[in-house]
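Scroll down for the structure; my scribbles are underneath it.
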Amino acid sequence: MRRSGKSRAQASFPVPKAPRKIGLISDTHGLLRPEAVQALRGSDLIVHAGDVGDPTILEALAKIASVIAVRGNVDTEDWAKSLPETAVAEADGVNIYVLHNSKALDLDPKASQFHIVISGHSHKPSRSERNGVLYINPGSAGPRRFNLPITVAYLDLGATPWTVEFVDLEKERKVK
């Protein structure tokens with residue numbers, strides 16, 4: 001796979017063989033809600049798109065599934081220096097690029113052969129497609145910010161086309 005724009009710390013992660021259900025979480029800011037843990041159970045892989053806030057969050061998520069995590073703007077303590085600013089994963093032939101703030105994207109995902117870009121930072125859950133690339137922000141699973149819902153998301157690579165479901169952790173239901 002060709003990549004460009006590697007100016008920031010980037011890591012490539014091994015992923016479980018053929019993960020189909022990928023749990024997406026971001027902006028926990030030191031708070032891992034029990035509802036988030038419950039919602040992510042059954043994931044083959046979990047991606048944390050930054051602003052973790054506390055290393056025990058990644059430890060708890062790793063008890064559910066393999067974890068890929070990137071550093072966000074609040075991850076400034078010594079423990080967080082080991083987290084890359086961006087990450088690359090290949091899951092069953094699907095190339096995934098992970099970063100915290102999509103506005104910091106310094107490469108052309110399509111030209112770099114990425115199928116999916118996962119980010120956080122805005123706290124707003126979203127799914128969009130541009131130039132054949134799927135962009136996903138799972139929203140914020142941590143402390144409430146603004147009037148946005150508290151969410152995690154699922155990416156199902158077993159469906160064609162790939163599906164993304166957002167789960168409102170306060171209402172324990174799927175949202176669009």
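Ordering of the structure tokens sets the chain letters (A, B, ...); residue numbers start at 1 within each chain; ligands are numbered from 1 in the order shown.
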Skip Asn147 (chain A) itself and residues of its chain fewer than 6 positions away, then list as a VMD selection string all residues within 12 Å of it, counting only C-alpha atoms.
-> chain A and resid 123 to 124 139 to 140
Would you mind listing what lies within 7 Å of region 38-49 of chain A as a ChimeraX atom specification, with only C-alpha atoms counted and same-chain residues fewer than 2 positions away left out?
-> /A:19-26,34-36,64-70,98-100,118-120
Take the residues from that selection and put them in a file with N, CA and C atoms, as a PDB file, in the first residue's frame.
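Saved file again-v9.pdb follows:
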```pdb
ATOM      1  N   PRO A  19     -11.468  -9.285  11.022  1.00  0.00           N
ATOM      2  CA  PRO A  19     -12.466  -8.686  11.912  1.00  0.00           C
ATOM      3  C   PRO A  19     -13.638  -8.151  11.102  1.00  0.00           C
ATOM      4  N   ARG A  20     -14.821  -8.451  11.528  1.00  0.00           N
ATOM      5  CA  ARG A  20     -16.006  -7.990  10.813  1.00  0.00           C
ATOM      6  C   ARG A  20     -16.663  -6.837  11.539  1.00  0.00           C
ATOM      7  N   LYS A  21     -16.755  -6.954  12.854  1.00  0.00           N
ATOM      8  CA  LYS A  21     -17.422  -5.936  13.662  1.00  0.00           C
ATOM      9  C   LYS A  21     -16.365  -5.128  14.411  1.00  0.00           C
ATOM     10  N   ILE A  22     -16.222  -3.868  14.023  1.00  0.00           N
ATOM     11  CA  ILE A  22     -15.224  -3.005  14.637  1.00  0.00           C
ATOM     12  C   ILE A  22     -15.938  -1.973  15.496  1.00  0.00           C
ATOM     13  N   GLY A  23     -15.619  -1.970  16.787  1.00  0.00           N
ATOM     14  CA  GLY A  23     -16.178  -0.988  17.702  1.00  0.00           C
ATOM     15  C   GLY A  23     -15.376   0.298  17.613  1.00  0.00           C
ATOM     16  N   LEU A  24     -16.071   1.430  17.555  1.00  0.00           N
ATOM     17  CA  LEU A  24     -15.421   2.732  17.422  1.00  0.00           C
ATOM     18  C   LEU A  24     -15.784   3.596  18.621  1.00  0.00           C
ATOM     19  N   ILE A  25     -14.769   4.212  19.223  1.00  0.00           N
ATOM     20  CA  ILE A  25     -14.975   5.053  20.388  1.00  0.00           C
ATOM     21  C   ILE A  25     -13.980   6.204  20.317  1.00  0.00           C
ATOM     22  N   SER A  26     -14.356   7.336  20.875  1.00  0.00           N
ATOM     23  CA  SER A  26     -13.462   8.484  20.882  1.00  0.00           C
ATOM     24  C   SER A  26     -13.824   9.423  22.022  1.00  0.00           C
ATOM     25  N   PRO A  34     -19.755   2.522  31.851  1.00  0.00           N
ATOM     26  CA  PRO A  34     -20.129   1.106  31.770  1.00  0.00           C
ATOM     27  C   PRO A  34     -20.985   0.821  30.529  1.00  0.00           C
ATOM     28  N   GLU A  35     -21.789   1.787  30.131  1.00  0.00           N
ATOM     29  CA  GLU A  35     -22.630   1.615  28.932  1.00  0.00           C
ATOM     30  C   GLU A  35     -21.782   1.487  27.677  1.00  0.00           C
ATOM     31  N   ALA A  36     -20.637   2.159  27.644  1.00  0.00           N
ATOM     32  CA  ALA A  36     -19.735   2.041  26.495  1.00  0.00           C
ATOM     33  C   ALA A  36     -19.111   0.654  26.459  1.00  0.00           C
ATOM     34  N   ILE A  64     -11.928  -6.547  26.063  1.00  0.00           N
ATOM     35  CA  ILE A  64     -13.034  -6.867  25.155  1.00  0.00           C
ATOM     36  C   ILE A  64     -12.502  -7.377  23.825  1.00  0.00           C
ATOM     37  N   ALA A  65     -11.519  -6.658  23.258  1.00  0.00           N
ATOM     38  CA  ALA A  65     -10.970  -6.995  21.940  1.00  0.00           C
ATOM     39  C   ALA A  65      -9.633  -6.291  21.772  1.00  0.00           C
ATOM     40  N   SER A  66      -8.911  -6.615  20.702  1.00  0.00           N
ATOM     41  CA  SER A  66      -7.682  -5.890  20.369  1.00  0.00           C
ATOM     42  C   SER A  66      -8.027  -4.422  20.169  1.00  0.00           C
ATOM     43  N   VAL A  67      -7.103  -3.542  20.554  1.00  0.00           N
ATOM     44  CA  VAL A  67      -7.364  -2.103  20.506  1.00  0.00           C
ATOM     45  C   VAL A  67      -6.320  -1.399  19.653  1.00  0.00           C
ATOM     46  N   ILE A  68      -6.799  -0.506  18.816  1.00  0.00           N
ATOM     47  CA  ILE A  68      -5.962   0.447  18.097  1.00  0.00           C
ATOM     48  C   ILE A  68      -6.343   1.802  18.660  1.00  0.00           C
ATOM     49  N   ALA A  69      -5.350   2.589  19.088  1.00  0.00           N
ATOM     50  CA  ALA A  69      -5.639   3.896  19.676  1.00  0.00           C
ATOM     51  C   ALA A  69      -4.629   4.923  19.196  1.00  0.00           C
ATOM     52  N   VAL A  70      -5.095   6.152  19.034  1.00  0.00           N
ATOM     53  CA  VAL A  70      -4.221   7.266  18.683  1.00  0.00           C
ATOM     54  C   VAL A  70      -4.304   8.327  19.771  1.00  0.00           C
ATOM     55  N   VAL A  98      -6.460   6.091  10.926  1.00  0.00           N
ATOM     56  CA  VAL A  98      -7.031   6.623  12.164  1.00  0.00           C
ATOM     57  C   VAL A  98      -6.230   7.834  12.613  1.00  0.00           C
ATOM     58  N   LEU A  99      -6.928   8.908  12.950  1.00  0.00           N
ATOM     59  CA  LEU A  99      -6.318  10.091  13.537  1.00  0.00           C
ATOM     60  C   LEU A  99      -7.347  10.757  14.425  1.00  0.00           C
ATOM     61  N   HIS A 100      -6.916  11.675  15.259  1.00  0.00           N
ATOM     62  CA  HIS A 100      -7.869  12.293  16.177  1.00  0.00           C
ATOM     63  C   HIS A 100      -8.693  13.384  15.502  1.00  0.00           C
ATOM     64  N   ILE A 118     -11.050   7.113  10.172  1.00  0.00           N
ATOM     65  CA  ILE A 118     -11.750   7.210  11.450  1.00  0.00           C
ATOM     66  C   ILE A 118     -11.098   8.331  12.256  1.00  0.00           C
ATOM     67  N   SER A 119     -11.929   9.241  12.766  1.00  0.00           N
ATOM     68  CA  SER A 119     -11.424  10.355  13.571  1.00  0.00           C
ATOM     69  C   SER A 119     -12.397  10.653  14.694  1.00  0.00           C
ATOM     70  N   GLY A 120     -11.989  11.546  15.575  1.00  0.00           N
ATOM     71  CA  GLY A 120     -12.828  11.990  16.680  1.00  0.00           C
ATOM     72  C   GLY A 120     -12.787  13.505  16.745  1.00  0.00           C
TER      73      GLY A 120
END
```
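When only C-alpha atoms are used to compute distances to Val152 (chain A), the closest of the residues A:Val37, A:Ile96, A:Leu31, A:Leu83 turns out to be A:Val37.
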Can you tell me, as a PyMOL selection string, what residues are no more than 10 Å from Glu77 (chain A) when counting only C-alpha atoms, ignoring any on the same chain fewer than 2 positions away?
-> chain A and resi 53-55+74-75+79-81
With a distance cut-off of 10 Å and only C-alpha atoms, select the neighbouring residues of Gly93 (chain A), excluding the residue or stretch itself and same-chain residues fewer than 2 positions from it, and output the selection as a PyMOL selection string.
-> chain A and resi 18+89-91+95-96+115+157
For the selection you just gave me, I'd like the residues written to a file as a PDB file, in the first residue's frame, keeping all heavy atoms.
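out-v8.pdb, written as the output of this step:
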```pdb
ATOM      1  N   ALA A  18      -9.496 -11.291   9.955  1.00  0.00           N
ATOM      2  CA  ALA A  18     -10.807 -10.983   9.365  1.00  0.00           C
ATOM      3  C   ALA A  18     -11.814 -10.402  10.355  1.00  0.00           C
ATOM      4  O   ALA A  18     -12.910 -10.932  10.511  1.00  0.00           O
ATOM      5  CB  ALA A  18     -11.377 -12.232   8.696  1.00  0.00           C
ATOM      6  N   ALA A  89      -4.382   0.465   9.819  1.00  0.00           N
ATOM      7  CA  ALA A  89      -4.735  -0.940  10.024  1.00  0.00           C
ATOM      8  C   ALA A  89      -5.314  -1.494   8.736  1.00  0.00           C
ATOM      9  O   ALA A  89      -5.980  -0.780   7.979  1.00  0.00           O
ATOM     10  CB  ALA A  89      -5.752  -1.086  11.152  1.00  0.00           C
ATOM     11  N   GLU A  90      -5.055  -2.762   8.507  1.00  0.00           N
ATOM     12  CA  GLU A  90      -5.648  -3.463   7.376  1.00  0.00           C
ATOM     13  C   GLU A  90      -6.511  -4.561   7.957  1.00  0.00           C
ATOM     14  O   GLU A  90      -6.046  -5.375   8.738  1.00  0.00           O
ATOM     15  CB  GLU A  90      -4.550  -4.037   6.470  1.00  0.00           C
ATOM     16  CG  GLU A  90      -5.080  -4.634   5.182  1.00  0.00           C
ATOM     17  CD  GLU A  90      -5.421  -6.106   5.298  1.00  0.00           C
ATOM     18  OE1 GLU A  90      -4.796  -6.808   6.105  1.00  0.00           O
ATOM     19  OE2 GLU A  90      -6.346  -6.554   4.589  1.00  0.00           O
ATOM     20  N   ALA A  91      -7.788  -4.512   7.650  1.00  0.00           N
ATOM     21  CA  ALA A  91      -8.729  -5.492   8.186  1.00  0.00           C
ATOM     22  C   ALA A  91      -9.437  -6.182   7.027  1.00  0.00           C
ATOM     23  O   ALA A  91     -10.275  -5.584   6.356  1.00  0.00           O
ATOM     24  CB  ALA A  91      -9.747  -4.798   9.094  1.00  0.00           C
ATOM     25  N   ASN A  95      -8.307  -1.032   4.057  1.00  0.00           N
ATOM     26  CA  ASN A  95      -7.263  -0.188   4.644  1.00  0.00           C
ATOM     27  C   ASN A  95      -7.903   0.968   5.406  1.00  0.00           C
ATOM     28  O   ASN A  95      -8.697   1.728   4.848  1.00  0.00           O
ATOM     29  CB  ASN A  95      -6.338   0.343   3.555  1.00  0.00           C
ATOM     30  CG  ASN A  95      -5.610  -0.796   2.857  1.00  0.00           C
ATOM     31  OD1 ASN A  95      -5.140  -1.719   3.507  1.00  0.00           O
ATOM     32  ND2 ASN A  95      -5.540  -0.734   1.547  1.00  0.00           N
ATOM     33  N   ILE A  96      -7.529   1.082   6.696  1.00  0.00           N
ATOM     34  CA  ILE A  96      -8.138   2.054   7.606  1.00  0.00           C
ATOM     35  C   ILE A  96      -7.062   3.006   8.127  1.00  0.00           C
ATOM     36  O   ILE A  96      -5.993   2.565   8.547  1.00  0.00           O
ATOM     37  CB  ILE A  96      -8.809   1.336   8.796  1.00  0.00           C
ATOM     38  CG1 ILE A  96      -9.873   0.362   8.287  1.00  0.00           C
ATOM     39  CG2 ILE A  96      -9.407   2.347   9.776  1.00  0.00           C
ATOM     40  CD1 ILE A  96     -10.421  -0.565   9.362  1.00  0.00           C
ATOM     41  N   HIS A 115      -9.480   3.055   2.450  1.00  0.00           N
ATOM     42  CA  HIS A 115     -10.916   2.917   2.206  1.00  0.00           C
ATOM     43  C   HIS A 115     -11.732   3.669   3.253  1.00  0.00           C
ATOM     44  O   HIS A 115     -12.839   4.114   2.976  1.00  0.00           O
ATOM     45  CB  HIS A 115     -11.316   1.435   2.233  1.00  0.00           C
ATOM     46  CG  HIS A 115     -10.570   0.607   1.243  1.00  0.00           C
ATOM     47  ND1 HIS A 115      -9.499  -0.181   1.605  1.00  0.00           N
ATOM     48  CD2 HIS A 115     -10.729   0.460  -0.093  1.00  0.00           C
ATOM     49  CE1 HIS A 115      -9.034  -0.797   0.526  1.00  0.00           C
ATOM     50  NE2 HIS A 115      -9.759  -0.436  -0.506  1.00  0.00           N
ATOM     51  N   LEU A 157     -17.799  -4.643   8.616  1.00  0.00           N
ATOM     52  CA  LEU A 157     -17.137  -4.912   7.347  1.00  0.00           C
ATOM     53  C   LEU A 157     -17.682  -6.168   6.670  1.00  0.00           C
ATOM     54  O   LEU A 157     -17.322  -6.443   5.536  1.00  0.00           O
ATOM     55  CB  LEU A 157     -15.618  -5.050   7.549  1.00  0.00           C
ATOM     56  CG  LEU A 157     -14.892  -3.816   8.070  1.00  0.00           C
ATOM     57  CD1 LEU A 157     -13.412  -4.119   8.266  1.00  0.00           C
ATOM     58  CD2 LEU A 157     -15.096  -2.640   7.144  1.00  0.00           C
TER      59      LEU A 157
END
```
Extract the full set of alpha helix (DSSP H) residues from region 41-110 of chain A according to DSSP on the backbone, and format it as a short mmCIF file (atom, residue, chain, number, x, y, z; two decimals) with N, CA and C atoms, in the first residue's frame.
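For reference, out-v7.cif as written:
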```
data_model
loop_
_atom_site.label_atom_id
_atom_site.label_comp_id
_atom_site.auth_asym_id
_atom_site.auth_seq_id
_atom_site.Cartn_x
_atom_site.Cartn_y
_atom_site.Cartn_z
N PRO A 55 -4.91 5.91 30.81
CA PRO A 55 -4.48 4.64 30.22
C PRO A 55 -5.32 3.44 30.64
N THR A 56 -5.99 3.52 31.78
CA THR A 56 -6.81 2.39 32.22
C THR A 56 -7.99 2.17 31.27
N ILE A 57 -8.37 3.18 30.53
CA ILE A 57 -9.44 3.02 29.54
C ILE A 57 -9.01 2.04 28.46
N LEU A 58 -7.80 2.19 27.96
CA LEU A 58 -7.32 1.27 26.93
C LEU A 58 -7.15 -0.14 27.48
N GLU A 59 -6.73 -0.24 28.75
CA GLU A 59 -6.61 -1.56 29.39
C GLU A 59 -7.97 -2.24 29.48
N ALA A 60 -8.99 -1.48 29.85
CA ALA A 60 -10.35 -2.04 29.96
C ALA A 60 -10.88 -2.45 28.60
N LEU A 61 -10.64 -1.64 27.59
CA LEU A 61 -11.10 -1.98 26.24
C LEU A 61 -10.39 -3.22 25.71
N ALA A 62 -9.11 -3.38 26.07
CA ALA A 62 -8.34 -4.54 25.62
C ALA A 62 -8.87 -5.84 26.21
#
```
For the atom pair CA of Leu134 (chain A) and CA of Arg33 (chain A), what is the interatomic distance in Å to one decimal place?
->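 These atoms are spaced 27.1 Å apart.
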Rank A:Leu169, A:Leu148, A:Leu155, A:Ala104 by their smallest atom-to-atom distance to Asn73 (chain A), using only C-alpha atoms, and report the top residue only.
->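 Distance minimum relative to Asn73 (chain A) lands on A:Ala104.
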How would you write, as an MDAnalysis selection string, the set of residues in region 5-174 of chain A that DSSP gives as strand (DSSP E or B)?
-> chainID A and resid 10:13 21:25 45:48 66:69 86:91 94:99 116:118 126:130 133:137 140 150:156 163:168 173:174
